[in-house]
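Visitor: My structure file upload.pdb, PDB, C-alpha atoms, is below:
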MODEL        1
ATOM      1  CA  MET A   1     123.417 153.399 111.419
ATOM      2  CA  MET A   2     122.114 150.409 109.474
ATOM      3  CA  MET A   3     124.867 150.379 106.865
ATOM      4  CA  GLU A   4     127.535 147.769 106.229
ATOM      5  CA  GLY A   5     131.081 148.290 107.523
ATOM      6  CA  TRP A   6     132.742 148.408 104.123
ATOM      7  CA  LEU A   7     130.436 151.284 103.171
ATOM      8  CA  GLN A   8     131.279 153.323 106.263
ATOM      9  CA  ASP A   9     135.006 153.028 105.573
ATOM     10  CA  ILE A  10     134.642 153.257 101.785
ATOM     11  CA  ASP A  11     136.857 150.178 101.607
ATOM     12  CA  LEU A  12     135.735 148.538  98.371
ATOM     13  CA  ALA A  13     137.157 145.572  96.512
ATOM     14  CA  PRO A  14     138.371 146.231  92.948
ATOM     15  CA  TRP A  15     135.362 144.416  91.470
ATOM     16  CA  GLN A  16     133.008 146.641  93.484
ATOM     17  CA  TRP A  17     134.777 149.769  92.233
ATOM     18  CA  GLY A  18     134.539 148.384  88.701
ATOM     19  CA  LEU A  19     130.790 147.752  88.873
ATOM     20  CA  TYR A  20     130.269 151.102  90.578
ATOM     21  CA  LEU A  21     132.048 153.139  87.910
ATOM     22  CA  ILE A  22     130.478 151.112  85.079
ATOM     23  CA  SER A  23     127.054 151.765  86.626
ATOM     24  CA  ALA A  24     127.844 155.494  86.903
ATOM     25  CA  LEU A  25     128.747 155.618  83.222
ATOM     26  CA  ILE A  26     125.582 153.674  82.317
ATOM     27  CA  ILE A  27     123.411 156.055  84.356
ATOM     28  CA  GLY A  28     124.961 159.048  82.590
ATOM     29  CA  ILE A  29     124.409 157.529  79.140
ATOM     30  CA  ALA A  30     120.787 156.734  80.030
ATOM     31  CA  LYS A  31     120.182 160.308  81.227
ATOM     32  CA  GLY A  32     121.670 161.477  77.930
ATOM     33  CA  GLY A  33     118.640 159.949  76.204
ATOM     34  CA  VAL A  34     119.535 156.284  75.562
ATOM     35  CA  LYS A  35     116.277 154.835  76.865
ATOM     36  CA  GLY A  36     116.349 151.430  78.539
ATOM     37  CA  LEU A  37     120.043 151.421  79.366
ATOM     38  CA  GLY A  38     119.608 152.716  82.917
ATOM     39  CA  SER A  39     117.849 149.543  84.081
ATOM     40  CA  LEU A  40     121.111 147.617  83.668
ATOM     41  CA  SER A  41     122.813 149.627  86.443
ATOM     42  CA  ILE A  42     120.271 148.585  89.107
ATOM     43  CA  PRO A  43     121.056 144.846  89.373
ATOM     44  CA  LEU A  44     124.784 145.566  88.908
ATOM     45  CA  MET A  45     124.758 147.918  91.905
ATOM     46  CA  ALA A  46     122.691 145.467  93.954
ATOM     47  CA  LEU A  47     125.180 142.688  93.195
ATOM     48  CA  ALA A  48     128.061 144.905  94.338
ATOM     49  CA  PHE A  49     126.554 146.603  97.398
ATOM     50  CA  GLY A  50     123.410 144.776  98.483
ATOM     51  CA  GLY A  51     119.796 145.472  97.594
ATOM     52  CA  LYS A  52     118.731 148.222  99.974
ATOM     53  CA  ALA A  53     122.121 149.922 100.341
ATOM     54  CA  SER A  54     122.501 150.120  96.578
ATOM     55  CA  THR A  55     119.263 152.115  96.200
ATOM     56  CA  GLY A  56     120.694 154.861  98.404
ATOM     57  CA  LEU A  57     123.905 154.913  96.380
ATOM     58  CA  VAL A  58     122.094 155.046  93.043
ATOM     59  CA  LEU A  59     119.625 157.831  93.896
ATOM     60  CA  PRO A  60     122.134 160.737  94.107
ATOM     61  CA  MET A  61     123.806 159.371  90.964
ATOM     62  CA  LEU A  62     120.466 159.646  89.197
ATOM     63  CA  LEU A  63     120.035 163.199  90.502
ATOM     64  CA  ILE A  64     123.416 164.191  89.080
ATOM     65  CA  GLY A  65     122.223 162.921  85.705
ATOM     66  CA  ASP A  66     118.871 164.700  86.138
ATOM     67  CA  VAL A  67     120.638 168.039  86.687
ATOM     68  CA  PHE A  68     122.178 167.698  83.221
ATOM     69  CA  ALA A  69     119.139 166.157  81.488
ATOM     70  CA  VAL A  70     116.574 168.763  82.569
ATOM     71  CA  PRO A  71     118.300 171.867  81.093
ATOM     72  CA  TYR A  72     119.048 169.988  77.868
ATOM     73  CA  TYR A  73     115.541 168.589  77.272
ATOM     74  CA  SER A  74     113.228 170.735  79.472
ATOM     75  CA  ARG A  75     111.899 172.884  76.631
ATOM     76  CA  TYR A  76     110.032 169.846  75.314
ATOM     77  CA  ALA A  77     108.260 169.003  78.616
ATOM     78  CA  ASP A  78     104.455 168.650  78.777
ATOM     79  CA  TRP A  79     103.561 169.845  82.277
ATOM     80  CA  SER A  80      99.889 168.890  82.072
ATOM     81  CA  GLN A  81     100.753 165.218  81.599
ATOM     82  CA  LEU A  82     103.480 165.395  84.251
ATOM     83  CA  LEU A  83     101.121 166.831  86.874
ATOM     84  CA  ARG A  84      98.468 164.250  85.980
ATOM     85  CA  LEU A  85     100.830 161.373  86.804
ATOM     86  CA  LEU A  86     102.829 162.878  89.686
ATOM     87  CA  PRO A  87     100.337 162.440  92.608
ATOM     88  CA  TRP A  88      99.981 158.731  91.853
ATOM     89  CA  ILE A  89     103.761 158.318  91.705
ATOM     90  CA  VAL A  90     104.161 160.035  95.086
ATOM     91  CA  ALA A  91     101.591 157.620  96.559
ATOM     92  CA  GLY A  92     103.563 154.713  95.116
ATOM     93  CA  VAL A  93     106.798 156.114  96.582
ATOM     94  CA  LEU A  94     105.208 156.205 100.055
ATOM     95  CA  LEU A  95     103.989 152.617  99.634
ATOM     96  CA  GLY A  96     107.467 151.509  98.597
ATOM     97  CA  THR A  97     108.996 153.360 101.569
ATOM     98  CA  TRP A  98     106.730 151.511 103.989
ATOM     99  CA  LEU A  99     107.456 148.102 102.457
ATOM    100  CA  GLY A 100     111.214 148.660 102.294
ATOM    101  CA  ASP A 101     111.257 149.682 105.945
ATOM    102  CA  SER A 102     109.302 146.560 106.944
ATOM    103  CA  ILE A 103     111.382 143.761 105.391
ATOM    104  CA  ASP A 104     114.911 142.433 105.848
ATOM    105  CA  GLU A 105     117.783 142.633 103.334
ATOM    106  CA  GLN A 106     117.208 139.164 101.862
ATOM    107  CA  SER A 107     113.531 139.889 101.238
ATOM    108  CA  PHE A 108     114.396 143.318  99.836
ATOM    109  CA  ARG A 109     116.836 141.754  97.384
ATOM    110  CA  LEU A 110     114.164 139.268  96.304
ATOM    111  CA  VAL A 111     111.590 142.040  95.786
ATOM    112  CA  LEU A 112     114.153 144.019  93.786
ATOM    113  CA  ALA A 113     114.976 141.003  91.603
ATOM    114  CA  VAL A 114     111.281 140.342  90.932
ATOM    115  CA  ILE A 115     110.753 144.002  89.967
ATOM    116  CA  VAL A 116     113.720 143.937  87.568
ATOM    117  CA  VAL A 117     112.517 140.701  85.952
ATOM    118  CA  PHE A 118     108.974 142.092  85.638
ATOM    119  CA  CYS A 119     110.277 145.268  83.982
ATOM    120  CA  VAL A 120     112.397 143.171  81.598
ATOM    121  CA  LEU A 121     109.312 141.148  80.666
ATOM    122  CA  MET A 122     107.411 144.372  79.971
ATOM    123  CA  LEU A 123     110.260 145.556  77.764
ATOM    124  CA  LEU A 124     110.326 142.212  75.944
ATOM    125  CA  TYR A 125     106.597 142.351  75.317
ATOM    126  CA  GLY A 126     106.833 145.885  74.012
ATOM    127  CA  GLU A 127     109.835 144.971  71.854
ATOM    128  CA  PHE A 128     108.492 141.830  70.195
ATOM    129  CA  VAL A 129     104.693 142.126  70.473
ATOM    130  CA  GLY A 130     103.973 145.800  71.005
ATOM    131  CA  PHE A 131     101.320 147.582  73.033
ATOM    132  CA  LYS A 132      98.728 148.141  70.337
ATOM    133  CA  LYS A 133      95.766 149.193  72.461
ATOM    134  CA  VAL A 134      96.553 150.941  75.726
ATOM    135  CA  PRO A 135      93.754 152.752  77.612
ATOM    136  CA  ASP A 136      94.012 156.469  78.303
ATOM    137  CA  ASN A 137      91.934 157.072  81.447
ATOM    138  CA  TRP A 138      92.442 157.896  85.127
ATOM    139  CA  VAL A 139      92.369 154.229  86.182
ATOM    140  CA  PHE A 140      95.239 153.425  83.838
ATOM    141  CA  ALA A 141      97.113 156.604  84.826
ATOM    142  CA  GLY A 142      96.648 155.756  88.504
ATOM    143  CA  SER A 143      97.854 152.174  88.179
ATOM    144  CA  MET A 144     100.875 153.185  86.098
ATOM    145  CA  GLY A 145     101.683 155.997  88.540
ATOM    146  CA  LEU A 146     101.442 153.736  91.587
ATOM    147  CA  GLY A 147     103.570 151.108  89.868
ATOM    148  CA  ALA A 148     106.149 153.698  88.832
ATOM    149  CA  GLY A 149     106.289 155.218  92.330
ATOM    150  CA  PHE A 150     106.632 151.860  94.065
ATOM    151  CA  THR A 151     109.316 150.546  91.720
ATOM    152  CA  THR A 152     111.277 153.806  91.713
ATOM    153  CA  MET A 153     111.460 153.788  95.520
ATOM    154  CA  VAL A 154     112.325 150.116  95.889
ATOM    155  CA  GLY A 155     114.593 149.808  92.870
ATOM    156  CA  ASN A 156     114.915 153.148  91.018
ATOM    157  CA  LEU A 157     113.098 151.352  88.183
ATOM    158  CA  ALA A 158     110.086 153.423  87.159
ATOM    159  CA  GLY A 159     110.993 153.429  83.467
ATOM    160  CA  ALA A 160     108.838 150.510  82.310
ATOM    161  CA  PHE A 161     105.657 151.968  83.810
ATOM    162  CA  VAL A 162     106.383 155.537  82.706
ATOM    163  CA  ASN A 163     107.235 154.377  79.182
ATOM    164  CA  LEU A 164     103.972 152.440  78.905
ATOM    165  CA  TYR A 165     101.959 155.386  80.203
ATOM    166  CA  PHE A 166     103.358 157.875  77.707
ATOM    167  CA  LEU A 167     103.102 155.301  74.938
ATOM    168  CA  SER A 168      99.340 155.253  75.502
ATOM    169  CA  LEU A 169      99.272 158.997  74.804
ATOM    170  CA  ARG A 170     101.410 158.677  71.644
ATOM    171  CA  VAL A 171     103.741 161.361  72.988
ATOM    172  CA  PRO A 172     106.434 162.476  70.476
ATOM    173  CA  LYS A 173     109.996 161.389  71.267
ATOM    174  CA  LEU A 174     111.462 164.731  72.401
ATOM    175  CA  GLN A 175     108.331 165.642  74.378
ATOM    176  CA  PHE A 176     108.559 162.265  76.090
ATOM    177  CA  ILE A 177     112.246 162.745  77.002
ATOM    178  CA  GLY A 178     111.680 166.297  78.281
ATOM    179  CA  THR A 179     108.620 165.407  80.359
ATOM    180  CA  VAL A 180     110.282 162.347  81.881
ATOM    181  CA  ALA A 181     113.439 164.355  82.658
ATOM    182  CA  TRP A 182     111.449 166.778  84.805
ATOM    183  CA  LEU A 183     109.320 163.995  86.289
ATOM    184  CA  PHE A 184     112.316 161.991  87.498
ATOM    185  CA  LEU A 185     114.067 165.092  88.869
ATOM    186  CA  ILE A 186     111.014 165.964  90.990
ATOM    187  CA  VAL A 187     110.394 162.385  92.143
ATOM    188  CA  ASN A 188     114.059 161.760  92.957
ATOM    189  CA  CYS A 189     114.132 164.926  95.082
ATOM    190  CA  ILE A 190     111.070 163.630  96.967
ATOM    191  CA  LYS A 191     112.786 160.275  97.543
ATOM    192  CA  LEU A 192     116.014 161.834  98.864
ATOM    193  CA  PRO A 193     114.846 162.619 102.448
ATOM    194  CA  LEU A 194     113.023 159.275 102.661
ATOM    195  CA  HIS A 195     116.241 157.426 101.877
ATOM    196  CA  ALA A 196     118.277 159.561 104.270
ATOM    197  CA  LEU A 197     115.883 159.735 107.234
ATOM    198  CA  VAL A 198     113.679 156.640 106.995
ATOM    199  CA  TRP A 199     115.808 153.965 105.331
ATOM    200  CA  GLU A 200     119.139 155.545 106.347
ATOM    201  CA  THR A 201     120.727 154.506 103.058
ATOM    202  CA  ILE A 202     122.256 157.943 102.376
ATOM    203  CA  ASP A 203     124.925 159.455 104.621
ATOM    204  CA  ARG A 204     128.264 161.238 104.402
ATOM    205  CA  GLU A 205     130.119 158.140 103.192
ATOM    206  CA  THR A 206     127.658 157.321 100.409
ATOM    207  CA  LEU A 207     127.628 160.943  99.256
ATOM    208  CA  THR A 208     131.427 160.859  99.121
ATOM    209  CA  LEU A 209     131.173 157.874  96.790
ATOM    210  CA  ASN A 210     128.631 159.766  94.691
ATOM    211  CA  VAL A 211     131.037 162.694  94.309
ATOM    212  CA  LEU A 212     133.709 160.273  93.103
ATOM    213  CA  ALA A 213     131.258 158.896  90.531
ATOM    214  CA  ALA A 214     130.190 162.322  89.217
ATOM    215  CA  PRO A 215     132.833 162.573  86.442
ATOM    216  CA  ALA A 216     131.779 159.185  85.028
ATOM    217  CA  ILE A 217     128.107 160.214  85.118
ATOM    218  CA  ILE A 218     128.814 163.534  83.373
ATOM    219  CA  LEU A 219     130.966 161.817  80.758
ATOM    220  CA  GLY A 220     128.230 159.227  80.221
ATOM    221  CA  PHE A 221     125.614 161.950  79.744
ATOM    222  CA  PHE A 222     127.468 163.573  76.858
ATOM    223  CA  VAL A 223     128.215 160.150  75.366
ATOM    224  CA  GLY A 224     124.493 159.375  75.581
ATOM    225  CA  VAL A 225     123.511 162.622  73.856
ATOM    226  CA  ARG A 226     125.715 161.657  70.907
ATOM    227  CA  LEU A 227     124.688 158.000  70.883
ATOM    228  CA  VAL A 228     121.001 158.912  70.575
ATOM    229  CA  LYS A 229     121.776 160.317  67.131
ATOM    230  CA  TYR A 230     123.634 157.263  65.829
ATOM    231  CA  LEU A 231     122.413 154.116  67.577
ATOM    232  CA  GLY A 232     119.990 151.764  65.896
ATOM    233  CA  GLU A 233     117.145 151.358  68.385
ATOM    234  CA  SER A 234     116.329 147.690  67.809
ATOM    235  CA  GLY A 235     119.785 146.147  68.168
ATOM    236  CA  TYR A 236     120.972 147.912  71.276
ATOM    237  CA  ARG A 237     117.620 147.517  73.053
ATOM    238  CA  LYS A 238     117.749 143.736  72.644
ATOM    239  CA  VAL A 239     121.285 143.615  74.059
ATOM    240  CA  ILE A 240     120.308 145.743  77.073
ATOM    241  CA  ILE A 241     117.216 143.635  77.757
ATOM    242  CA  VAL A 242     119.286 140.436  77.732
ATOM    243  CA  LEU A 243     122.049 141.854  79.961
ATOM    244  CA  THR A 244     119.574 143.332  82.429
ATOM    245  CA  GLY A 245     117.665 140.069  82.606
ATOM    246  CA  LEU A 246     120.845 138.072  83.292
ATOM    247  CA  ALA A 247     121.939 140.477  86.021
ATOM    248  CA  ALA A 248     118.493 140.243  87.631
ATOM    249  CA  VAL A 249     118.631 136.438  87.613
ATOM    250  CA  LEU A 250     121.982 136.610  89.437
ATOM    251  CA  LEU A 251     120.277 138.525  92.245
ATOM    252  CA  PHE A 252     118.197 135.433  93.031
ATOM    253  CA  PHE A 253     121.297 133.305  93.623
ATOM    254  CA  ARG A 254     123.811 135.680  95.226
TER     255      ARG A 254
ENDMDL
END
Written as structure tokens, how would this file's structure read?
Guide:
Amino acid sequence: MMMEGWLQDIDLAPWQWGLYLISALIIGIAKGGVKGLGSLSIPLMALAFGGKASTGLVLPMLLIGDVFAVPYYSRYADWSQLLRLLPWIVAGVLLGTWLGDSIDEQSFRLVLAVIVVFCVLMLLYGEFVGFKKVPDNWVFAGSMGLGAGFTTMVGNLAGAFVNLYFLSLRVPKLQFIGTVAWLFLIVNCIKLPLHALVWETIDRETLTLNVLAAPAIILGFFVGVRLVKYLGESGYRKVIIVLTGLAAVLLFFR
């Protein structure tokens, strides 16, 4: 089993427990509809548990959030757009699986940090410049799908690519949330056996940790549902972008 000893014994330092539970709450809030917040949990988990191991811990946490998000938002889903993007995402997931299985932990952490920084830059560009003309054709859909699949496998970070894709279609807010909820549930289910059988980042010990995190994720989801109604988009997005960027930079030096 290619997992670290502390993970097998579930013997975590207080700071690791702190980052883990904070990340669980963040994931729940993001699944509740607070877009952009979920990216902050990825570098925090990598700092606490290592790059590759953290991806296996995060995936079931995301699935717990998906189980709550899909029933709440599914009535808004656009299945035609979901099915158009899904094959490309699956191809990207397989590419990410191959790469992650071919490199060591230090290289994996570097790849993860680069992905996080790239996604932050995309968010910054969208925030301050805006994507005014985005093509809507199969080449664009394919490139966004491959990018989303690769980044979701390596870092559970498909949001930047998926957001840009649906932005090009001018999808209404609730339709966007509902479609993405189903998309991530399907893709995360596809990733589950790859993490467990190929990367060996999911086992009994990690699932035990996920069960312990479930209450924080569920609480975060309902907090997120309420926050969507009251938060000012611009202010909180800038804070999340800055915090995520700082956490990603730390990955380069840890």
Visitor: So the first atom is atom CA of A:Ile103 and the second is atom CA of A:Ser41; what is the distance between them in Å, to one decimal place?
Guide: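 Computing it gives 22.9 Å between the two atoms.
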Visitor: Could you check which of A:Gly65, A:Gly155, A:Pro60, A:Gly145 is closest to A:Val211, using all atoms listed in the file?
Guide: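 Going through A:Gly65, A:Gly155, A:Pro60, A:Gly145 one by one, the smallest distance to A:Val211 is for A:Pro60.
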Visitor: Name the residues that the PyMOL selection byres ((chain A and resi 143) around 12) pulls out of this structure, and write them as a ChimeraX atom specification.
Guide: /A:85-89,91-92,135-142,144-150,161-162,164-165
Visitor: With C-alpha atoms kept, could you save the residues just selected as a PDB file, in the frame of the given file?
Guide:
ATOM      1  CA  LEU A  85     100.830 161.373  86.804  1.00  0.00           C
ATOM      2  CA  LEU A  86     102.829 162.878  89.686  1.00  0.00           C
ATOM      3  CA  PRO A  87     100.337 162.440  92.608  1.00  0.00           C
ATOM      4  CA  TRP A  88      99.981 158.731  91.853  1.00  0.00           C
ATOM      5  CA  ILE A  89     103.761 158.318  91.705  1.00  0.00           C
ATOM      6  CA  ALA A  91     101.591 157.620  96.559  1.00  0.00           C
ATOM      7  CA  GLY A  92     103.563 154.713  95.116  1.00  0.00           C
ATOM      8  CA  PRO A 135      93.754 152.752  77.612  1.00  0.00           C
ATOM      9  CA  ASP A 136      94.012 156.469  78.303  1.00  0.00           C
ATOM     10  CA  ASN A 137      91.934 157.072  81.447  1.00  0.00           C
ATOM     11  CA  TRP A 138      92.442 157.896  85.127  1.00  0.00           C
ATOM     12  CA  VAL A 139      92.369 154.229  86.182  1.00  0.00           C
ATOM     13  CA  PHE A 140      95.239 153.425  83.838  1.00  0.00           C
ATOM     14  CA  ALA A 141      97.113 156.604  84.826  1.00  0.00           C
ATOM     15  CA  GLY A 142      96.648 155.756  88.504  1.00  0.00           C
ATOM     16  CA  MET A 144     100.875 153.185  86.098  1.00  0.00           C
ATOM     17  CA  GLY A 145     101.683 155.997  88.540  1.00  0.00           C
ATOM     18  CA  LEU A 146     101.442 153.736  91.587  1.00  0.00           C
ATOM     19  CA  GLY A 147     103.570 151.108  89.868  1.00  0.00           C
ATOM     20  CA  ALA A 148     106.149 153.698  88.832  1.00  0.00           C
ATOM     21  CA  GLY A 149     106.289 155.218  92.330  1.00  0.00           C
ATOM     22  CA  PHE A 150     106.632 151.860  94.065  1.00  0.00           C
ATOM     23  CA  PHE A 161     105.657 151.968  83.810  1.00  0.00           C
ATOM     24  CA  VAL A 162     106.383 155.537  82.706  1.00  0.00           C
ATOM     25  CA  LEU A 164     103.972 152.440  78.905  1.00  0.00           C
ATOM     26  CA  TYR A 165     101.959 155.386  80.203  1.00  0.00           C
TER      27      TYR A 165
END
Visitor: Show me, as a list in words, the residues that have an atom within 10 Å of A:Gly220 when counting only C-alpha atoms, minus same-chain residues fewer than 2 positions from it.
Guide: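 Contacts, in chain order: Ile22, Ser23, Ala24, Leu25, Ile26, Ile27, Gly28, Ile29, Ala30, Lys31, Gly32, Gly65, Ala214, Pro215, Ala216, Ile217, Ile218, Phe222, Val223, Gly224, Val225 and Arg226 of chain A.
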Visitor: I'd like the residues picked by the PyMOL selection byres ((chain A and resi 70-76) around 10) written out as a PyMOL selection string, using the chain letters and numbers from the file.
Guide: chain A and resi 31-33+65-69+77-79+172-185+225
Visitor: Produce a file of the selected residues containing C-alpha atoms, as an mmCIF file, in the frame of the given file.
Guide:
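Generated output (result.cif):
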data_model
loop_
_atom_site.group_PDB
_atom_site.id
_atom_site.type_symbol
_atom_site.label_atom_id
_atom_site.label_comp_id
_atom_site.auth_asym_id
_atom_site.auth_seq_id
_atom_site.Cartn_x
_atom_site.Cartn_y
_atom_site.Cartn_z
ATOM 1 C CA LYS A 31 120.182 160.308 81.227
ATOM 2 C CA GLY A 32 121.670 161.477 77.930
ATOM 3 C CA GLY A 33 118.640 159.949 76.204
ATOM 4 C CA GLY A 65 122.223 162.921 85.705
ATOM 5 C CA ASP A 66 118.871 164.700 86.138
ATOM 6 C CA VAL A 67 120.638 168.039 86.687
ATOM 7 C CA PHE A 68 122.178 167.698 83.221
ATOM 8 C CA ALA A 69 119.139 166.157 81.488
ATOM 9 C CA ALA A 77 108.260 169.003 78.616
ATOM 10 C CA ASP A 78 104.455 168.650 78.777
ATOM 11 C CA TRP A 79 103.561 169.845 82.277
ATOM 12 C CA PRO A 172 106.434 162.476 70.476
ATOM 13 C CA LYS A 173 109.996 161.389 71.267
ATOM 14 C CA LEU A 174 111.462 164.731 72.401
ATOM 15 C CA GLN A 175 108.331 165.642 74.378
ATOM 16 C CA PHE A 176 108.559 162.265 76.090
ATOM 17 C CA ILE A 177 112.246 162.745 77.002
ATOM 18 C CA GLY A 178 111.680 166.297 78.281
ATOM 19 C CA THR A 179 108.620 165.407 80.359
ATOM 20 C CA VAL A 180 110.282 162.347 81.881
ATOM 21 C CA ALA A 181 113.439 164.355 82.658
ATOM 22 C CA TRP A 182 111.449 166.778 84.805
ATOM 23 C CA LEU A 183 109.320 163.995 86.289
ATOM 24 C CA PHE A 184 112.316 161.991 87.498
ATOM 25 C CA LEU A 185 114.067 165.092 88.869
ATOM 26 C CA VAL A 225 123.511 162.622 73.856
#
Visitor: Pull out every residue that the PyMOL selection byres ((chain A and resi 195-203) around 8) matches in the shown coordinates and put them as a PDB file with C-alpha atoms, keeping the file's coordinate frame.
Guide:
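Saved to part_8.pdb:
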ATOM      1  CA  MET A   1     123.417 153.399 111.419  1.00  0.00           C
ATOM      2  CA  MET A   2     122.114 150.409 109.474  1.00  0.00           C
ATOM      3  CA  MET A   3     124.867 150.379 106.865  1.00  0.00           C
ATOM      4  CA  LYS A  52     118.731 148.222  99.974  1.00  0.00           C
ATOM      5  CA  ALA A  53     122.121 149.922 100.341  1.00  0.00           C
ATOM      6  CA  THR A  55     119.263 152.115  96.200  1.00  0.00           C
ATOM      7  CA  GLY A  56     120.694 154.861  98.404  1.00  0.00           C
ATOM      8  CA  LEU A  57     123.905 154.913  96.380  1.00  0.00           C
ATOM      9  CA  THR A  97     108.996 153.360 101.569  1.00  0.00           C
ATOM     10  CA  GLY A 100     111.214 148.660 102.294  1.00  0.00           C
ATOM     11  CA  ASP A 101     111.257 149.682 105.945  1.00  0.00           C
ATOM     12  CA  LYS A 191     112.786 160.275  97.543  1.00  0.00           C
ATOM     13  CA  LEU A 192     116.014 161.834  98.864  1.00  0.00           C
ATOM     14  CA  PRO A 193     114.846 162.619 102.448  1.00  0.00           C
ATOM     15  CA  LEU A 194     113.023 159.275 102.661  1.00  0.00           C
ATOM     16  CA  ARG A 204     128.264 161.238 104.402  1.00  0.00           C
ATOM     17  CA  GLU A 205     130.119 158.140 103.192  1.00  0.00           C
ATOM     18  CA  THR A 206     127.658 157.321 100.409  1.00  0.00           C
ATOM     19  CA  LEU A 207     127.628 160.943  99.256  1.00  0.00           C
TER      20      LEU A 207
END
Visitor: Have a look at atom CA of A:Val171 and atom CA of A:Leu62 and let me know their distance in Å, one decimal.
Guide: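 A separation of 23.4 Å between them.
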Visitor: Name the closest residue to A:Phe49 among the candidates A:Met61, A:Leu83, A:Val90, A:Ala13; distances are taken between atoms, counting all atoms listed in the file.
Guide: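 Nearest candidate to A:Phe49 out of A:Met61, A:Leu83, A:Val90, A:Ala13: A:Ala13.
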Visitor: Rounded to one decimal in Å, what is the spacing between atom CA of A:Ile186 and atom CA of A:Leu124?
Guide: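 It comes out at 28.1 Å.
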Visitor: Give the answer as one residue: which of A:Val228, A:Gln81, A:Thr152, A:Ala160 has the shortest atom-to-atom distance to A:Val120, using only C-alpha atoms?
Guide: A:Ala160
Visitor: Choose the residue, out of A:Ala213, A:Cys189, A:Val154, A:Ala113, that has the smallest atom-to-atom separation from A:Leu63; count only C-alpha atoms.
Guide: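 That would be A:Cys189, the residue with the smallest distance to A:Leu63.
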Visitor: Would you please work out which residue, of A:Ser80, A:Asn210, A:Thr151, A:Asn188, is nearest to A:Tyr20 when using only C-alpha atoms?
Guide: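 Smallest distance to A:Tyr20 is found for A:Asn210.
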Visitor: Please provide as a PyMOL selection string all residues within 8 Å of A:Ser54, with the sequence filter that same-chain residues fewer than 5 positions apart are discarded (counting only C-alpha atoms).
Guide: chain A and resi 42+45-46+48-49
Visitor: Just C-alpha atoms for this one: save the residues we selected as a CSV table (one decimal), in the frame of the given file.
Guide:
chain,number,residue,atom,x,y,z
A,42,ILE,CA,120.3,148.6,89.1
A,45,MET,CA,124.8,147.9,91.9
A,46,ALA,CA,122.7,145.5,94.0
A,48,ALA,CA,128.1,144.9,94.3
A,49,PHE,CA,126.6,146.6,97.4
Visitor: Could you check which of A:Leu157, A:Leu169, A:Leu94, A:Leu99 is closest to A:Leu59, using only C-alpha atoms?
Guide: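 Residue with the minimum atom-to-atom distance to A:Leu59: A:Leu157.
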